[in-house]
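Here the structure comes first, spelled out in structure tokens, and everything after it is commentary.
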2 protein chains.
Amino acid sequence: MTTVRRSDATRAAILEAARERFASDGYERATIRAIARDAGIDPSMVMRYYGSKQGLFAAASAIEIGMPELGALPAQHVGVALVTHFLDRWESDEALTAMLRVGVTNEVGAARVHEIFAAQLGPVTRGVCPDPADAPRRAALVASQILGMALVRYVLLLPPAVEMSAEEVVAWLAPTVQRYLTAEAP
Amino acid sequence: MTTVRRSDATRAAILEAARERFASDGYERATIRAIARDAGIDPSMVMRYYGSKQGLFAAASAIEIGMPELGALPAQHVGVALVTHFLDRWESDEALTAMLRVGVTNEVGAARVHEIFAAQLGPVTRGVCPDPADAPRRAALVASQILGMALVRYVLLLPPAVEMSAEEVVAWLAPTVQRYLTAEAP
DNA sequence: GGTGTTGGTCAACATCCGTTGGCAACGGTA
DNA sequence: TACCGTTGCCAACGGATGTTGACCAACACC
């Protein structure tokens, strides 16, 4: 059932407009009317295609972090690889910013963040850290630093954080992430 | 003009209810009606005393981080002191969570976060780091880690982050903050 | 005791929101 | 050509929100 419908272009336009609005305005202020206006169609079309505002957000925030294969490279380079990868993803996909912004105010959004980090960051952590028993804790620590940087750099737009180059961010953050993953517990 | 007005109790009740609502619901979903109901008074009182919803938020998020005197203690203990202090403040004052939650969706809220971190964290950084020229960058790095931990622990409620003890958080985060402040730039 | 100020309630306004149902044009199919 | 599902627009509903102004009760002061 992968037939091409005539409305696919409209569906895509809605999804793109929704991602932009959710990313820049958050869940409550991203109104269906505004999204429809951006997409150049009527608000009722959004409802027909995605059922409800929650349904639209669920569709707009279906994200694959696409974790790289970290098992292949030496354990002491995991920090650099991880930070670099997240930075790339964040700068090329505003759905990530949308997810973060919505996760802060909306319960469904928060659950979405949980899912994604459990499913995508969890396995990587489990494969790298010394004792699998405290893998969740280490993953949470990594998440705190990576989401924190995303917060100040892409959401709060703290000037010094925005002005730093990607290389600089990696150089500062990679040792932190590396330590959270592989250093022995304090 | 510090006379005690008869309405001071009501003003305080409104402010407390507002802090709770802003902290748990964010700016948009924290309605004036709900805040007034919590405070046991009429919504119009909120308007009379605080002018507007923005005014109420401004009053509810007037925060003093109350930075400790870091100049007094040896430079290599600054990380521990800073993380400990922030953790204490965050767990004893829900206005901080409110500020973070609102800062993510509301522009005024974001500006408030900028202010507070510039005014409170800036000077500390400037006094401790080797080269005053890159103090803002170092402050932003520290903010990314501290706000990131606040995000996963108090807002997103990521289970492993919530379950960690305060001592554990300090033990993991302090070396990070210490490095962001005093290590030479990479 | 009258009078002005303060603390508080009530009802309403204008606006916006998510959502719904009806209806017109279009496109392929028989 | 006649038909029917699809795509789209339009107008409206019910409800919630921030905000306002009229009105009432208690208090302070002359």
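The way I read the labels, and the way they are meant: chains A, B, ... in the order of the structure tokens, residue 1 as the first residue of every chain, and ligand 1 as the first ligand shown, with later ones counted on from there.
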Inset, instruction - Residues of chain A near chain D: apply a cut-off of 12 Å, count only C-alpha atoms (C1' of nucleotides), and supply the list as a PyMOL selection string. - result: chain A and resi 5-11+40-46+48-49
Inset, instruction - Over all Cα atoms in order, fit chain B to chain A and jot down the RMSD to one decimal place. - result: 0.2 Å
Write out as a tab-separated table a residue-level contact list of chain A versus chain B with cut-off 9 Å: for each qualifying residue the closest pair of atoms and the distance in Å to one decimal, counting only C-alpha atoms, rows sorted by chain and residue number upward.
```
residue	atom	partner	partner_atom	distance
A:Ser24	CA	B:Thr105	CA	8.3
A:Asp25	CA	B:Thr105	CA	6.3
A:Gly26	CA	B:Thr105	CA	5.7
A:Tyr27	CA	B:Thr105	CA	8.6
A:Glu28	CA	B:Glu28	CA	6.5
A:Arg29	CA	B:Glu28	CA	7.6
A:Leu100	CA	B:Val104	CA	8.9
A:Arg101	CA	B:Val104	CA	6.1
A:Val102	CA	B:Thr105	CA	8.4
A:Gly103	CA	B:Leu156	CA	7.0
A:Val104	CA	B:Arg101	CA	6.1
A:Thr105	CA	B:Gly26	CA	5.7
A:Asn106	CA	B:Asp25	CA	8.3
A:Glu107	CA	B:Leu156	CA	8.8
A:Ala110	CA	B:Leu156	CA	5.8
A:Ala111	CA	B:Leu156	CA	8.3
A:Val113	CA	B:Leu156	CA	8.1
A:His114	CA	B:Leu158	CA	6.6
A:Pro136	CA	B:Pro160	CA	6.1
A:Arg137	CA	B:Pro160	CA	5.2
A:Arg138	CA	B:Pro160	CA	8.6
A:Ala139	CA	B:Pro160	CA	8.4
A:Ala140	CA	B:Ala161	CA	5.8
A:Leu141	CA	B:Ala161	CA	7.4
A:Ala143	CA	B:Val152	CA	7.6
A:Ser144	CA	B:Gly148	CA	4.5
A:Gln145	CA	B:Gln145	CA	5.1
A:Ile146	CA	B:Gly148	CA	7.5
A:Leu147	CA	B:Gly148	CA	5.8
A:Gly148	CA	B:Gly148	CA	3.5
A:Met149	CA	B:Ser144	CA	4.8
A:Ala150	CA	B:Ser144	CA	8.0
A:Leu151	CA	B:Ser144	CA	7.2
A:Val152	CA	B:Ser144	CA	6.0
A:Arg153	CA	B:Ser144	CA	8.5
A:Val155	CA	B:Val104	CA	6.4
A:Leu156	CA	B:Ala110	CA	5.7
A:Leu157	CA	B:Ala110	CA	8.3
A:Leu158	CA	B:His114	CA	6.6
A:Pro159	CA	B:Ala140	CA	8.4
A:Pro160	CA	B:Arg137	CA	5.2
A:Ala161	CA	B:Ala140	CA	5.8
A:Glu163	CA	B:Arg137	CA	8.8
A:Met164	CA	B:Arg137	CA	7.8
A:Glu168	CA	B:Pro186	CA	7.9
A:Val169	CA	B:Leu141	CA	8.8
A:Ala171	CA	B:Pro186	CA	6.3
A:Trp172	CA	B:Pro186	CA	6.9
A:Leu173	CA	B:Leu141	CA	8.6
A:Pro175	CA	B:Thr176	CA	8.8
A:Thr176	CA	B:Thr176	CA	6.2
A:Tyr180	CA	B:Trp172	CA	7.6
A:Ala185	CA	B:Trp172	CA	8.1
A:Pro186	CA	B:Ala171	CA	6.3
```
Inset, instruction - Please run DSSP on the backbone and report, as a ChimeraX atom specification, all residues within stretch 67-136 of chain A that come out as alpha helix (DSSP H). - result: /A:78-92,94-105,107-116,122-128,135-136
Output C-alpha atoms for every residue in the selection just made, as a CSV table (one decimal), in the first residue's frame.
```csv
chain,number,residue,atom,x,y,z
A,78,VAL,CA,33.8,7.5,21.6
A,79,GLY,CA,33.4,10.9,23.2
A,80,VAL,CA,34.5,12.8,20.2
A,81,ALA,CA,32.4,10.6,17.9
A,82,LEU,CA,29.3,11.0,20.0
A,83,VAL,CA,29.5,14.8,20.4
A,84,THR,CA,30.3,15.4,16.8
A,85,HIS,CA,27.4,13.2,15.7
A,86,PHE,CA,24.9,14.9,17.9
A,87,LEU,CA,26.0,18.3,16.9
A,88,ASP,CA,25.6,17.4,13.2
A,89,ARG,CA,22.2,16.0,13.7
A,90,TRP,CA,21.0,19.0,15.7
A,91,GLU,CA,22.2,21.5,13.1
A,92,SER,CA,20.6,19.7,10.2
A,94,GLU,CA,15.0,21.2,13.4
A,95,ALA,CA,12.8,18.4,14.5
A,96,LEU,CA,15.3,17.8,17.3
A,97,THR,CA,14.9,21.4,18.6
A,98,ALA,CA,11.2,20.9,18.3
A,99,MET,CA,11.3,17.8,20.4
A,100,LEU,CA,13.4,19.5,23.1
A,101,ARG,CA,11.2,22.6,23.2
A,102,VAL,CA,8.0,20.6,23.3
A,103,GLY,CA,9.4,18.0,25.8
A,104,VAL,CA,9.8,20.8,28.4
A,105,THR,CA,6.1,21.8,28.5
A,107,GLU,CA,4.0,15.4,28.7
A,108,VAL,CA,3.8,13.5,25.5
A,109,GLY,CA,6.8,15.5,24.3
A,110,ALA,CA,8.8,14.5,27.5
A,111,ALA,CA,7.9,10.9,27.0
A,112,ARG,CA,9.2,11.2,23.4
A,113,VAL,CA,12.5,12.4,24.7
A,114,HIS,CA,12.7,9.5,27.2
A,115,GLU,CA,12.0,7.0,24.4
A,116,ILE,CA,14.5,8.4,22.0
A,122,GLY,CA,21.1,3.4,25.8
A,123,PRO,CA,22.6,0.6,23.7
A,124,VAL,CA,25.6,2.7,22.8
A,125,THR,CA,26.3,3.3,26.5
A,126,ARG,CA,25.8,-0.4,27.4
A,127,GLY,CA,28.3,-1.4,24.8
A,128,VAL,CA,31.0,1.0,26.0
A,135,ALA,CA,24.8,2.1,32.1
A,136,PRO,CA,21.5,4.0,32.6
```
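Residues of chain C lying within 9 Å of chain A, counting only C-alpha atoms (C1' of nucleotides), are C:DC17, C:DG18, C:DT19, C:DT20.
Nearest residue to B:Ala60, choosing from B:Ala174, B:Ala34, B:Ala39, B:Ala12 and counting only C-alpha atoms: B:Ala12.
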